[in-house]
>>> print(open('start.txt').read())   # compact mmCIF, C-alpha atoms
# COMPACT_ATOMS: atom_id res chain seq x y z
CA MET F 681 -139.55 92.48 -70.42
CA LYS F 682 -140.81 88.89 -70.37
CA LYS F 683 -138.78 85.84 -69.35
CA ILE F 684 -139.42 83.07 -71.88
CA VAL F 685 -138.06 79.62 -71.01
CA ILE F 686 -138.04 76.75 -73.52
CA LEU F 687 -137.44 73.14 -72.50
CA GLY F 688 -135.94 70.60 -74.92
CA CYS F 689 -134.06 70.02 -78.17
CA SER F 690 -136.99 69.95 -80.60
CA SER F 691 -136.29 71.41 -84.02
CA ALA F 692 -139.32 73.67 -83.40
CA VAL F 693 -137.30 75.58 -80.79
CA ALA F 694 -135.31 77.69 -83.23
CA LYS F 695 -138.45 78.73 -85.12
CA VAL F 696 -140.14 79.89 -81.92
CA ILE F 697 -137.11 82.04 -81.11
CA GLU F 698 -136.73 83.35 -84.65
CA THR F 699 -140.43 84.27 -84.92
CA VAL F 700 -140.46 86.16 -81.63
CA ARG F 701 -137.14 87.92 -82.20
CA ALA F 702 -138.33 89.27 -85.56
CA VAL F 703 -140.64 91.54 -83.54
CA ASP F 704 -139.48 91.44 -79.91
CA GLN F 705 -135.82 92.22 -79.17
CA THR F 706 -136.19 92.78 -75.43
CA SER F 707 -137.71 89.60 -73.94
CA GLU F 708 -135.24 87.30 -72.23
CA PHE F 709 -134.91 83.81 -73.75
CA SER F 710 -133.51 80.80 -71.86
CA LEU F 711 -133.20 77.38 -73.50
CA VAL F 712 -132.89 74.43 -71.11
CA THR F 713 -131.81 71.18 -72.79
CA PHE F 714 -131.64 67.73 -71.23
CA GLU F 715 -128.58 66.82 -73.32
CA GLU F 716 -125.31 68.55 -74.03
CA HIS F 717 -126.48 69.18 -77.59
CA LEU F 718 -128.22 72.05 -79.33
CA PRO F 719 -131.69 71.43 -80.83
CA TYR F 720 -131.57 68.95 -83.72
CA GLN F 721 -133.72 67.39 -86.43
CA ARG F 722 -134.82 63.91 -85.33
CA HIS F 723 -136.06 62.91 -88.77
CA LEU F 724 -132.45 63.15 -90.05
CA PHE F 725 -131.06 60.56 -87.60
CA PRO F 726 -130.97 57.80 -90.27
CA GLU F 727 -128.83 60.03 -92.49
CA PHE F 728 -126.47 60.69 -89.59
CA VAL F 729 -126.18 56.93 -89.01
CA THR F 730 -125.23 56.36 -92.67
CA LYS F 731 -122.76 59.28 -92.52
CA SER F 732 -124.54 61.07 -95.35
CA ARG F 733 -125.04 64.02 -92.98
CA THR F 734 -122.65 65.43 -90.39
CA TYR F 735 -123.53 66.39 -86.82
CA GLU F 736 -123.62 70.06 -87.83
CA GLU F 737 -126.05 69.25 -90.63
CA ILE F 738 -128.61 67.61 -88.34
CA LEU F 739 -128.63 70.59 -85.96
CA SER F 740 -131.61 72.91 -86.42
CA LYS F 741 -129.33 75.94 -86.23
CA PRO F 742 -125.60 76.48 -85.51
CA SER F 743 -124.49 77.74 -82.11
CA SER F 744 -124.06 81.25 -83.57
CA PHE F 745 -127.86 81.46 -84.05
CA TYR F 746 -128.49 81.33 -80.31
CA LYS F 747 -125.75 83.88 -79.65
CA ASP F 748 -127.07 86.23 -82.32
CA HIS F 749 -130.62 85.93 -80.94
CA HIS F 750 -129.45 86.48 -77.34
CA VAL F 751 -130.52 83.10 -75.96
CA ASN F 752 -129.21 81.95 -72.59
CA LEU F 753 -128.21 78.29 -73.09
CA ILE F 754 -128.54 75.95 -70.10
CA SER F 755 -127.41 72.50 -71.23
CA ASN F 756 -127.45 68.93 -69.94
CA LYS F 757 -129.87 69.48 -67.06
CA LYS F 758 -132.50 67.37 -65.34
CA ILE F 759 -135.69 68.84 -63.94
CA SER F 760 -136.75 67.92 -60.43
CA ARG F 761 -140.11 69.69 -60.49
CA ILE F 762 -142.01 72.63 -61.91
CA ASN F 763 -144.05 74.88 -59.64
CA PHE F 764 -146.67 76.29 -62.01
CA ARG F 765 -148.23 78.46 -59.31
CA LYS F 766 -144.93 80.27 -58.73
CA SER F 767 -143.75 79.94 -62.37
CA LEU F 768 -140.60 78.26 -61.13
CA ILE F 769 -138.46 75.44 -62.56
CA VAL F 770 -136.37 73.49 -60.06
CA MET F 771 -133.43 71.55 -61.51
CA GLU F 772 -130.98 69.14 -59.95
CA GLU F 773 -128.78 70.54 -57.16
CA ASN F 774 -131.69 72.89 -56.44
CA GLU F 775 -130.91 75.27 -59.31
CA GLN F 776 -133.96 77.44 -59.92
CA LEU F 777 -135.21 79.32 -62.94
CA ASN F 778 -138.19 81.69 -63.02
CA TYR F 779 -140.28 82.25 -66.10
CA ASP F 780 -143.14 84.39 -67.35
CA ILE F 781 -143.82 82.04 -70.25
CA LEU F 782 -142.86 78.36 -70.45
CA VAL F 783 -142.64 76.39 -73.71
CA ILE F 784 -142.30 72.62 -73.25
CA THR F 785 -141.03 70.52 -76.17
CA GLU F 786 -139.55 67.62 -74.17
CA THR F 787 -139.35 66.32 -70.62
CA GLY F 788 -135.96 64.66 -71.02
CA GLU F 789 -137.27 61.23 -70.04
CA TYR F 790 -138.84 58.37 -72.00
CA LYS F 791 -140.35 55.03 -70.99
CA PHE F 792 -139.63 51.74 -72.77
CA PRO F 793 -142.47 49.33 -73.63
CA ASP F 794 -143.41 46.94 -70.85
CA ILE F 795 -141.19 44.04 -71.93
CA LYS F 796 -139.26 41.75 -69.61
CA GLY F 797 -135.53 42.59 -69.54
CA VAL F 798 -135.93 45.95 -71.25
CA ASN F 799 -133.57 47.72 -68.83
CA LYS F 800 -130.51 45.69 -69.85
CA PHE F 801 -127.49 47.46 -71.34
CA GLY F 802 -127.88 47.39 -75.10
CA ALA F 803 -131.58 48.39 -75.20
CA PHE F 804 -132.02 51.85 -76.74
CA GLY F 805 -134.64 54.28 -77.93
CA ILE F 806 -134.05 56.63 -80.86
CA LYS F 807 -135.86 59.78 -79.72
CA THR F 808 -132.73 61.69 -78.65
CA PHE F 809 -129.37 62.34 -80.25
CA THR F 810 -127.69 61.05 -77.10
CA GLU F 811 -129.30 57.64 -77.62
CA VAL F 812 -128.44 57.52 -81.31
CA ASN F 813 -124.84 58.50 -80.60
CA GLN F 814 -124.57 55.77 -77.96
CA ILE F 815 -125.72 53.20 -80.52
CA ILE F 816 -123.21 54.45 -83.10
CA ASN F 817 -120.40 54.23 -80.54
CA GLN F 818 -121.26 50.55 -80.02
CA LEU F 819 -121.42 49.61 -83.70
CA SER F 820 -117.85 48.36 -84.01
CA PHE F 821 -118.63 45.74 -81.33
CA VAL F 822 -121.98 44.71 -82.83
CA ASP F 823 -122.89 42.20 -85.53
CA THR F 824 -126.69 42.10 -85.22
CA ILE F 825 -129.30 44.74 -84.41
CA VAL F 826 -132.93 43.96 -83.63
CA ILE F 827 -135.40 46.82 -84.11
CA ARG F 828 -138.93 46.67 -82.72
CA SER F 829 -140.81 49.03 -84.99
CA THR F 830 -144.29 50.44 -84.50
CA LEU F 831 -143.46 53.73 -86.25
CA TRP F 832 -141.97 54.88 -89.53
CA SER F 833 -138.68 55.90 -87.90
CA GLY F 834 -137.81 52.30 -87.00
CA ILE F 835 -138.22 51.17 -90.59
CA LYS F 836 -135.95 53.99 -91.79
CA MET F 837 -133.38 53.17 -89.11
CA ALA F 838 -133.37 49.53 -90.23
CA GLY F 839 -132.23 50.65 -93.66
CA ALA F 840 -129.60 52.96 -92.18
CA PHE F 841 -127.96 50.27 -90.03
CA GLN F 842 -128.11 47.79 -92.90
CA GLN F 843 -126.11 50.28 -94.97
CA ARG F 844 -123.52 50.31 -92.16
CA GLY F 845 -122.98 46.60 -92.80
CA LYS F 846 -124.93 45.25 -89.85
CA GLU F 847 -127.33 42.34 -89.84
CA VAL F 848 -130.67 43.98 -89.16
CA ILE F 849 -133.77 42.19 -87.96
CA LEU F 850 -137.04 44.11 -87.97
CA VAL F 851 -139.78 42.94 -85.62
CA ILE F 852 -143.14 44.46 -86.53
CA PRO F 853 -146.06 44.10 -84.10
CA GLN F 854 -149.56 43.75 -85.47
CA ASP F 855 -150.49 47.29 -84.39
CA HIS F 856 -147.77 49.04 -86.43
CA GLN F 857 -149.09 52.59 -86.68
CA VAL F 858 -147.91 53.09 -90.27
CA LEU F 859 -148.44 49.74 -91.94
CA ALA F 860 -151.90 49.39 -90.39
CA GLN F 861 -152.97 52.38 -92.50
CA LEU F 862 -152.01 50.69 -95.77
CA ASP F 863 -153.72 48.02 -97.83
CA PRO F 864 -152.34 44.45 -97.55
CA GLN F 865 -150.89 44.35 -101.06
CA VAL F 866 -148.95 47.57 -100.40
CA VAL F 867 -147.68 46.29 -97.06
CA GLY F 868 -146.46 43.19 -98.89
CA THR F 869 -144.58 45.37 -101.38
CA ILE F 870 -142.86 47.30 -98.56
CA LEU F 871 -141.87 44.13 -96.68
CA ARG F 872 -140.50 42.53 -99.84
CA SER F 873 -138.47 45.67 -100.54
CA LEU F 874 -136.92 45.41 -97.07
CA GLU F 875 -136.11 41.72 -97.45
CA GLU F 876 -134.61 42.23 -100.92
CA LYS F 877 -132.14 44.65 -99.28
CA GLY F 878 -131.11 42.00 -96.76
CA ILE F 879 -133.26 43.02 -93.78
CA ARG F 880 -134.96 40.09 -92.05
CA VAL F 881 -138.56 40.93 -91.21
CA TYR F 882 -140.84 39.29 -88.66
CA PRO F 883 -144.28 40.84 -89.33
CA GLU F 884 -147.21 40.53 -86.92
CA ASN F 885 -144.81 39.40 -84.22
CA ASP F 886 -143.35 41.03 -81.11
CA ILE F 887 -140.55 40.89 -78.57
CA VAL F 888 -141.72 39.32 -75.30
CA GLU F 889 -138.38 39.13 -73.50
CA ILE F 890 -134.83 40.46 -73.75
CA LEU F 891 -132.30 37.85 -72.68
CA GLY F 892 -128.87 38.32 -71.11
CA ASN F 893 -127.14 38.75 -67.78
CA GLY F 894 -127.08 42.54 -67.47
CA GLU F 895 -126.32 42.98 -71.19
CA VAL F 896 -128.47 42.19 -74.20
CA LYS F 897 -127.61 38.79 -75.67
CA ALA F 898 -130.82 37.76 -77.44
CA VAL F 899 -134.55 38.41 -77.76
CA ARG F 900 -137.43 35.99 -77.51
CA LEU F 901 -140.32 36.64 -79.88
CA LYS F 902 -144.02 36.02 -79.41
CA SER F 903 -143.61 33.16 -81.90
CA LYS F 904 -141.10 31.65 -79.38
CA LYS F 905 -138.18 32.16 -81.76
CA VAL F 906 -134.96 33.30 -80.04
CA ILE F 907 -132.66 35.66 -81.96
CA ALA F 908 -129.10 36.45 -80.86
CA THR F 909 -128.31 40.16 -80.86
CA GLU F 910 -126.18 42.75 -79.06
CA ILE F 911 -128.54 45.71 -79.48
CA VAL F 912 -132.32 46.11 -79.30
CA ILE F 913 -133.85 49.36 -80.55
CA PHE F 914 -137.36 50.65 -79.81
CA ASP F 915 -138.63 53.37 -82.12
CA HIS F 916 -141.64 54.07 -79.88
CA THR F 917 -140.76 55.17 -76.36
CA LYS F 918 -143.37 57.19 -74.49
CA VAL F 919 -142.65 60.57 -72.94
CA ASN F 920 -142.39 60.39 -69.15
CA PHE F 921 -144.46 63.13 -67.52
CA ARG F 922 -143.56 62.21 -63.93
CA PHE F 923 -142.61 65.71 -62.77
CA PHE F 924 -146.01 67.02 -63.89
CA THR F 925 -147.79 64.68 -61.47
CA ASP F 926 -150.02 66.50 -58.98
CA THR F 927 -149.81 69.75 -60.92
CA PRO F 928 -152.68 71.72 -62.53
CA LEU F 929 -151.35 70.98 -66.04
CA LYS F 930 -153.97 68.97 -67.93
CA ILE F 931 -152.56 65.71 -69.31
CA ASN F 932 -154.28 62.78 -70.97
CA GLU F 933 -151.83 60.60 -72.88
CA LYS F 934 -149.92 63.84 -73.52
CA ILE F 935 -150.23 67.49 -72.55
CA CYS F 936 -153.55 68.85 -73.81
CA VAL F 937 -153.25 71.92 -76.06
CA ASP F 938 -155.41 74.04 -78.33
CA HIS F 939 -154.65 74.88 -81.95
CA PHE F 940 -151.99 77.38 -80.89
CA PHE F 941 -150.35 74.83 -78.56
CA ARG F 942 -151.58 76.67 -75.48
CA THR F 943 -152.18 74.46 -72.45
CA ASN F 944 -154.88 74.97 -69.83
CA LEU F 945 -152.39 77.21 -67.98
CA GLN F 946 -152.33 80.74 -69.35
CA ASN F 947 -148.55 81.07 -69.62
CA VAL F 948 -147.58 77.50 -70.60
CA TYR F 949 -147.26 76.04 -74.11
CA ALA F 950 -146.50 72.48 -75.23
CA LEU F 951 -145.59 71.22 -78.71
CA ASP F 952 -143.89 68.43 -80.63
CA GLU F 953 -144.26 64.94 -79.11
CA VAL F 954 -145.32 66.12 -75.65
CA SER F 955 -148.51 67.74 -76.99
CA GLU F 956 -151.89 66.21 -77.68
CA LEU F 957 -153.43 67.89 -80.68
CA SER F 958 -155.65 66.14 -83.22
CA GLU F 959 -153.60 67.13 -86.29
CA ALA F 960 -150.32 66.15 -84.64
CA GLN F 961 -151.64 62.77 -83.52
CA GLN F 962 -152.92 61.40 -86.78
CA GLY F 963 -150.96 58.70 -88.52
CA ASP F 964 -147.68 57.52 -87.06
CA PHE F 965 -147.44 60.17 -84.30
CA GLU F 966 -144.14 61.40 -85.77
CA ILE F 967 -143.85 64.88 -87.20
CA ASP F 968 -141.27 65.82 -89.80
CA GLY F 969 -139.16 68.97 -89.92
CA THR F 970 -141.72 70.96 -91.91
CA GLY F 971 -144.47 70.20 -89.43
CA LEU F 972 -142.30 71.25 -86.50
CA ILE F 973 -141.38 74.51 -88.22
CA GLN F 974 -145.11 75.20 -88.61
CA GLN F 975 -145.62 74.51 -84.92
CA GLY F 976 -142.74 76.83 -83.99
CA VAL F 977 -144.16 79.66 -86.09
CA ARG F 978 -147.59 79.20 -84.55
CA VAL F 979 -146.26 79.27 -80.99
CA GLY F 980 -144.05 82.27 -81.76
CA ASN F 981 -146.99 84.21 -83.20
CA SER F 982 -149.11 83.32 -80.19
CA LEU F 983 -146.39 84.58 -77.82
CA LEU F 984 -146.53 87.86 -79.73
CA GLY F 985 -150.34 87.97 -79.59
CA GLN F 986 -150.48 87.63 -83.37
CA GLU F 987 -152.41 84.37 -83.74
CA GLN F 988 -154.14 85.71 -86.83
CA LEU F 989 -150.85 85.38 -88.75
CA SER F 990 -150.96 81.57 -88.45
CA SER F 991 -152.97 79.41 -90.81
CA ALA F 992 -155.99 77.55 -89.45
CA THR F 993 -154.44 74.11 -90.00
CA VAL F 994 -151.13 72.61 -88.90
CA LEU F 995 -150.59 70.18 -91.75
CA CYS F 996 -148.69 67.14 -90.54
CA VAL F 997 -146.42 65.55 -93.16
CA ARG F 998 -144.37 62.41 -92.45
CA GLY F 999 -142.55 59.79 -94.43
CA GLY F 1000 -139.46 59.54 -96.57
CA ARG F 1001 -137.65 57.20 -98.94
CA LEU F 1002 -137.41 53.47 -98.35
CA HIS F 1003 -135.10 52.08 -101.03
CA ASP F 1004 -137.15 52.41 -104.26
CA LEU F 1005 -140.31 53.61 -102.50
CA LEU F 1006 -141.05 57.26 -101.68
CA ILE F 1007 -143.78 57.28 -99.03
CA GLN F 1008 -145.63 60.35 -97.75
CA PHE F 1009 -148.31 60.63 -95.04
CA ILE F 1010 -150.10 63.97 -95.31
CA GLY F 1011 -152.68 65.33 -92.88
CA GLN F 1012 -155.09 62.99 -91.09
CA THR F 1013 -154.25 59.48 -92.24
CA ASN F 1014 -155.43 57.48 -89.22
CA PRO F 1015 -158.62 59.26 -88.19
CA PRO F 1016 -160.39 58.38 -84.93
CA GLU F 1017 -163.81 58.60 -86.60
CA PRO F 1018 -165.31 57.18 -89.81
CA PHE F 1019 -163.96 58.80 -92.98
CA GLN F 1020 -164.66 57.97 -96.61
CA LYS F 1021 -161.62 56.59 -98.39
CA CYS F 1022 -160.57 56.27 -102.00
CA VAL F 1023 -157.67 53.97 -102.91
CA GLN F 1024 -155.75 53.90 -106.19
CA TRP F 1025 -153.00 51.30 -106.65
CA ASP F 1026 -150.91 50.38 -109.66
CA PRO F 1027 -148.71 47.37 -108.81
CA LEU F 1028 -146.70 47.70 -112.03
CA THR F 1029 -145.33 51.15 -111.14
CA CYS F 1030 -145.82 50.82 -107.35
CA VAL F 1031 -147.81 54.06 -107.37
CA TYR F 1032 -150.30 54.14 -104.49
CA LYS F 1033 -152.74 56.84 -103.41
CA LYS F 1034 -155.08 56.64 -100.48
CA PHE F 1035 -157.33 59.65 -99.92
CA LEU F 1036 -159.37 60.23 -96.75
CA ILE F 1037 -162.41 62.46 -97.11
CA LYS F 1038 -164.53 64.07 -94.40
CA GLU F 1039 -167.60 66.16 -95.18
CA GLU F 1040 -166.64 66.10 -98.89
CA MET F 1041 -163.25 67.66 -98.09
CA LEU F 1042 -159.86 66.00 -98.44
CA ALA F 1043 -158.50 65.55 -94.89
CA GLY F 1044 -155.48 63.31 -95.52
CA ALA F 1045 -153.55 61.25 -98.03
CA ILE F 1046 -151.02 58.43 -98.11
CA LEU F 1047 -148.87 58.52 -101.25
CA ILE F 1048 -146.23 56.14 -102.59
CA ASN F 1049 -144.06 57.08 -105.59
CA VAL F 1050 -146.26 60.06 -106.47
CA PRO F 1051 -144.42 62.87 -108.37
CA GLN F 1052 -143.46 65.94 -106.36
CA GLN F 1053 -145.72 68.27 -108.33
CA GLU F 1054 -148.75 66.10 -107.61
CA GLN F 1055 -147.77 65.81 -103.93
CA GLU F 1056 -147.78 69.60 -103.65
CA GLN F 1057 -151.17 69.77 -105.36
CA ILE F 1058 -152.63 67.30 -102.88
CA LYS F 1059 -151.11 69.19 -99.92
CA GLY F 1060 -152.73 72.34 -101.26
CA PHE F 1061 -156.14 70.64 -101.49
CA ILE F 1062 -155.87 69.60 -97.82
CA GLU F 1063 -154.64 73.00 -96.61
CA ARG F 1064 -157.32 74.92 -98.52
CA LYS F 1065 -160.06 72.40 -97.63
CA ILE F 1066 -160.97 72.03 -101.27
CA LYS F 1067 -164.16 70.18 -102.19
CA GLY F 1068 -166.44 69.92 -105.19
CA ALA F 1069 -165.33 69.66 -108.80
CA GLU F 1070 -161.56 69.90 -108.20
CA LEU F 1071 -161.62 67.18 -105.58
CA GLY F 1072 -163.85 65.01 -107.77
CA HIS F 1073 -161.32 65.26 -110.59
CA LEU F 1074 -158.52 64.12 -108.29
CA LEU F 1075 -160.43 61.16 -106.89
CA GLY F 1076 -161.90 60.23 -110.22
CA GLU F 1077 -158.57 59.43 -111.88
CA GLN F 1078 -158.80 55.99 -113.48
CA ASN F 1079 -155.13 55.46 -114.26
CA SER F 1080 -154.75 52.73 -111.64
CA GLN F 1081 -155.57 49.04 -111.85
CA SER F 1082 -157.34 48.97 -108.48
CA VAL F 1083 -159.72 51.67 -107.29
CA GLU F 1084 -161.69 51.31 -104.06
CA ASN F 1085 -164.19 53.70 -102.54
CA THR F 1086 -165.43 52.73 -99.08
CA SER F 1087 -165.89 54.09 -95.58
CA VAL F 1088 -163.38 53.54 -92.78
>>> encode(input="start.txt", output="structure tokens")
Amino acid sequence: MKKIVILGCSSAVAKVIETVRAVDQTSEFSLVTFEEHLPYQRHLFPEFVTKSRTYEEILSKPSSFYKDHHVNLISNKKISRINFRKSLIVMEENEQLNYDILVITETGEYKFPDIKGVNKFGAFGIKTFTEVNQIINQLSFVDTIVIRSTLWSGIKMAGAFQQRGKEVILVIPQDHQVLAQLDPQVVGTILRSLEEKGIRVYPENDIVEILGNGEVKAVRLKSKKVIATEIVIFDHTKVNFRFFTDTPLKINEKICVDHFFRTNLQNVYALDEVSELSEAQQGDFEIDGTGLIQQGVRVGNSLLGQEQLSSATVLCVRGGRLHDLLIQFIGQTNPPEPFQKCVQWDPLTCVYKKFLIKEEMLAGAILINVPQQEQEQIKGFIERKIKGAELGHLLGEQNSQSVENTSV
């Protein structure tokens, strides 16, 4: 009987457990969370903010799931260190937990950007439910929210807080990991859509200082403008890997893994935002619920020694609806090496398609207001690595007013 320990509240957790339990009823599962909550779906936080989804609806699975699958729940803990040689987790108050297999989905700690005053009360990230709940609990005392957005989640959160009747100011640095992938005219359309809904946008700007005596009172921008606010939100906070320092676990920016999320240590896996895998790190670095389910299945199959049951590609899909715009990022949309691109843009209908091609195969796509049926077709082309006549037909569509075919 193996002891399998999972760290974190990722929505991939439940799929790992479910996949293993479908075959293995005897291994012992322990889930250690760094919050008092069960695993949840981060991409649904905006809907929780707007009250269109309840707390139960953003959970990956109800509490009965973990009982039915015989999972030992260890909640609201902090890790002091992990001894990989002894396969031992040491928690606060010297609680210890042995494992045969360790699956890491979170570390429980995040680091804010290096901005003066960032540690004041009123500065929040949005990577955990605890943080989001803290923000919601402050809303009745707040008039203005400033969001520094370098990811898609910050843009979605801006819309959610605006629906709650708050003045929302969106500060967008030049290196925004989503908007930088789009053509200027499309970026302009997105920014106008935000402003038409009452969200003030400061593009190609940044926060250089948070002002206030212990509490957030204002922010100073790179442009020297000062904006009064009670809350500052950062959508991009980096995972803190401090308790992996001086361990044999291989870490670059994140924990290095192979295509089955195996680390360099034989009995240790890492997935979700703590892992460094090429498919998972294209585009805006955020993975939606479908992508995390795929990761969970892959890890579960690997734990069972059934890697052959997993597809060769973990297709990363991100995005969502922004007012009248439905935006999808599929596959590799921000490649680290030169790809051929084909852009189709119709400003009258706001339909946008950007295809990225490598070795004559479709590797990624950015789609705006593309019908669901066509989205699924494009996903299929990427998953099946289609090339040749079918791909030529897709890229050769001339129903747009602007078609570009260049290398990036």
>>> residues_near_point(input="start.txt", point="(-147.5, 49.6, -86.2)", cutoff="9 Å", atoms="all atoms listed in the file", output="tab-separated table (two decimals) with C-alpha atoms, in the frame of the given file")
chain	number	residue	atom	x	y	z
F	829	SER	CA	-140.81	49.03	-84.99
F	830	THR	CA	-144.29	50.44	-84.50
F	831	LEU	CA	-143.46	53.73	-86.25
F	832	TRP	CA	-141.97	54.88	-89.53
F	852	ILE	CA	-143.14	44.46	-86.53
F	853	PRO	CA	-146.06	44.10	-84.10
F	854	GLN	CA	-149.56	43.75	-85.47
F	855	ASP	CA	-150.49	47.29	-84.39
F	856	HIS	CA	-147.77	49.04	-86.43
F	857	GLN	CA	-149.09	52.59	-86.68
F	858	VAL	CA	-147.91	53.09	-90.27
F	859	LEU	CA	-148.44	49.74	-91.94
F	860	ALA	CA	-151.90	49.39	-90.39
F	861	GLN	CA	-152.97	52.38	-92.50
F	964	ASP	CA	-147.68	57.52	-87.06
>>> residues_around(input="start.txt", residues="Tyr720 (chain F)", least_positions_apart="3", cutoff="10 Å", atoms="all atoms listed in the file", output="list in words")
Gly688, Cys689, Ser690, Ser691, Ala692, Val693, Ala694, His717, His723, Leu724, Phe725, Tyr735, Glu736, Glu737, Ile738, Leu739, Ser740, Lys741, Pro742, Thr808, Phe809 and Gly969 of chain F
>>> atom_distance(input="start.txt", atom1="CA of Gln842 (chain F)", atom2="CA of Arg880 (chain F)")
10.3 Å
>>> residues_around(input="start.txt", residues="Gly1044 (chain F)", least_positions_apart="3", cutoff="8 Å", atoms="only C-alpha atoms", output="mmCIF file with C-alpha atoms, in the frame of the given file")
data_model
loop_
_atom_site.group_PDB
_atom_site.id
_atom_site.type_symbol
_atom_site.label_atom_id
_atom_site.label_comp_id
_atom_site.auth_asym_id
_atom_site.auth_seq_id
_atom_site.Cartn_x
_atom_site.Cartn_y
_atom_site.Cartn_z
ATOM 1 C CA PHE F 1009 -148.310 60.630 -95.040
ATOM 2 C CA ILE F 1010 -150.100 63.970 -95.310
ATOM 3 C CA GLY F 1011 -152.680 65.330 -92.880
ATOM 4 C CA GLN F 1012 -155.090 62.990 -91.090
ATOM 5 C CA THR F 1013 -154.250 59.480 -92.240
ATOM 6 C CA PHE F 1035 -157.330 59.650 -99.920
ATOM 7 C CA LEU F 1036 -159.370 60.230 -96.750
ATOM 8 C CA ILE F 1037 -162.410 62.460 -97.110
ATOM 9 C CA ILE F 1062 -155.870 69.600 -97.820
#
>>> closest_residue(input="start.txt", among="F:Leu984, F:Ile911, F:Val685, F:Val866", to="Lys1034 (chain F)", atoms="all atoms listed in the file")
F:Val866
>>> closest_residue(input="start.txt", among="F:Glu987, F:Glu1040, F:Asp1004, F:Glu1063", to="Glu876 (chain F)", atoms="all atoms listed in the file")
F:Asp1004
>>> closest_residue(input="start.txt", among="F:Leu874, F:Val770, F:Val751, F:Val703", to="Phe923 (chain F)", atoms="all atoms listed in the file")
F:Val770
>>> residues_around(input="start.txt", residues="Lys930 (chain F)", least_positions_apart="5", cutoff="10 Å", atoms="all atoms listed in the file", output="list in words")
Phe924, Thr925, Ile935, Cys936, Val937, Thr943, Asn944 and Leu945 of chain F
>>> residues_around(input="start.txt", residues="Gln705 (chain F)", least_positions_apart="6", cutoff="10 Å", atoms="only C-alpha atoms", output="PyMOL selection string")
chain F and resi 681+749-750
>>> residues_near_point(input="start.txt", point="(-144.2, 79.2, -67.3)", cutoff="6 Å", atoms="all atoms listed in the file", output="list in words")
Ser767, Tyr779, Asp780, Ile781, Leu782, Asn947 and Val948 of chain F
>>> write_last_selection(input="start.txt", atoms="C-alpha atoms", output="tab-separated table (two decimals), in the coordinates of the input")
chain	number	residue	atom	x	y	z
F	767	SER	CA	-143.75	79.94	-62.37
F	779	TYR	CA	-140.28	82.25	-66.10
F	780	ASP	CA	-143.14	84.39	-67.35
F	781	ILE	CA	-143.82	82.04	-70.25
F	782	LEU	CA	-142.86	78.36	-70.45
F	947	ASN	CA	-148.55	81.07	-69.62
F	948	VAL	CA	-147.58	77.50	-70.60
>>> atom_distance(input="start.txt", atom1="CA of Tyr1032 (chain F)", atom2="CA of Ile1046 (chain F)")
7.7 Å
>>> build_atoms(input="start.txt", residues="region 865-876 of chain F", atoms="N, CA and C atoms", output="PDB file, in the coordinates of the input")
ATOM      1  N   GLN F 865    -151.799  44.542 -99.929  1.00  0.00           N
ATOM      2  CA  GLN F 865    -150.890  44.350-101.060  1.00  0.00           C
ATOM      3  C   GLN F 865    -149.742  45.357-101.038  1.00  0.00           C
ATOM      4  N   VAL F 866    -149.989  46.551-100.501  1.00  0.00           N
ATOM      5  CA  VAL F 866    -148.950  47.570-100.400  1.00  0.00           C
ATOM      6  C   VAL F 866    -147.986  47.224 -99.275  1.00  0.00           C
ATOM      7  N   VAL F 867    -148.531  46.745 -98.157  1.00  0.00           N
ATOM      8  CA  VAL F 867    -147.680  46.290 -97.060  1.00  0.00           C
ATOM      9  C   VAL F 867    -146.744  45.196 -97.544  1.00  0.00           C
ATOM     10  N   GLY F 868    -147.286  44.257 -98.335  1.00  0.00           N
ATOM     11  CA  GLY F 868    -146.460  43.190 -98.890  1.00  0.00           C
ATOM     12  C   GLY F 868    -145.332  43.719 -99.747  1.00  0.00           C
ATOM     13  N   THR F 869    -145.613  44.755-100.543  1.00  0.00           N
ATOM     14  CA  THR F 869    -144.580  45.370-101.380  1.00  0.00           C
ATOM     15  C   THR F 869    -143.473  45.979-100.526  1.00  0.00           C
ATOM     16  N   ILE F 870    -143.851  46.673 -99.441  1.00  0.00           N
ATOM     17  CA  ILE F 870    -142.860  47.300 -98.560  1.00  0.00           C
ATOM     18  C   ILE F 870    -142.001  46.238 -97.874  1.00  0.00           C
ATOM     19  N   LEU F 871    -142.627  45.174 -97.375  1.00  0.00           N
ATOM     20  CA  LEU F 871    -141.870  44.130 -96.680  1.00  0.00           C
ATOM     21  C   LEU F 871    -140.926  43.404 -97.627  1.00  0.00           C
ATOM     22  N   ARG F 872    -141.381  43.170 -98.851  1.00  0.00           N
ATOM     23  CA  ARG F 872    -140.500  42.530 -99.840  1.00  0.00           C
ATOM     24  C   ARG F 872    -139.316  43.418-100.174  1.00  0.00           C
ATOM     25  N   SER F 873    -139.556  44.729-100.259  1.00  0.00           N
ATOM     26  CA  SER F 873    -138.470  45.670-100.540  1.00  0.00           C
ATOM     27  C   SER F 873    -137.413  45.606 -99.438  1.00  0.00           C
ATOM     28  N   LEU F 874    -137.857  45.513 -98.192  1.00  0.00           N
ATOM     29  CA  LEU F 874    -136.920  45.410 -97.070  1.00  0.00           C
ATOM     30  C   LEU F 874    -136.112  44.119 -97.151  1.00  0.00           C
ATOM     31  N   GLU F 875    -136.791  43.018 -97.422  1.00  0.00           N
ATOM     32  CA  GLU F 875    -136.110  41.720 -97.450  1.00  0.00           C
ATOM     33  C   GLU F 875    -135.155  41.615 -98.633  1.00  0.00           C
ATOM     34  N   GLU F 876    -135.497  42.241 -99.758  1.00  0.00           N
ATOM     35  CA  GLU F 876    -134.610  42.230-100.920  1.00  0.00           C
ATOM     36  C   GLU F 876    -133.299  42.978-100.620  1.00  0.00           C
TER      37      GLU F 876
END
